[in-house]
Amino acid sequence: MAEDQPMPTPGGATGVVTDSANGNAASLYQRISQDPDLTQALFRQALQNPSGTLEQICRLGDGWGLPVSIEQVKAHIRSLDDAGSKQWLLKARGGL
């Protein structure tokens, strides 16, 4: 995908998503998934406060030099095709 190419977003709106932002979401997801304690803590939080979890994920990204927006996190999680990610979507879909 070319940098700054418009990309459909949830609800049919079109936003600008850069390649580096997409890469940041993937890198951030990978980093979080490598830490079982953090992954479990975020999952528990998502059950109670999905939108707060998304904000926390974005703060983690900022702190690790992998800035992402909430929409980029949502889009990345929806694009995954593994059981763990699908469980996130099923359990915390209210905020995702």
# chains A, B, ... in the order shown; residues from 1 in each chain; ligands from 1
$ residues_around --residues "Ala25 in chain A" --least-positions-apart "5" --cutoff "12 Å" --atoms "only C-alpha atoms" --output "number ranges by chain"
A: 17-20, 30-32, 54, 57-58, 60-62, 64-80
$ atom_distance --atom1 "CA of Arg59 in chain A" --atom2 "CA of Ser85 in chain A"
19.9 Å
$ select_by_dssp --residues "range 17-94 of chain A" --states "helix (DSSP H, G or I)" --output "number ranges by chain"
A: 19-33, 36-48, 50-63, 70-79, 83-92
$ atom_distance --atom1 "CA of Asp35 in chain A" --atom2 "CA of Leu47 in chain A"
18.6 Å
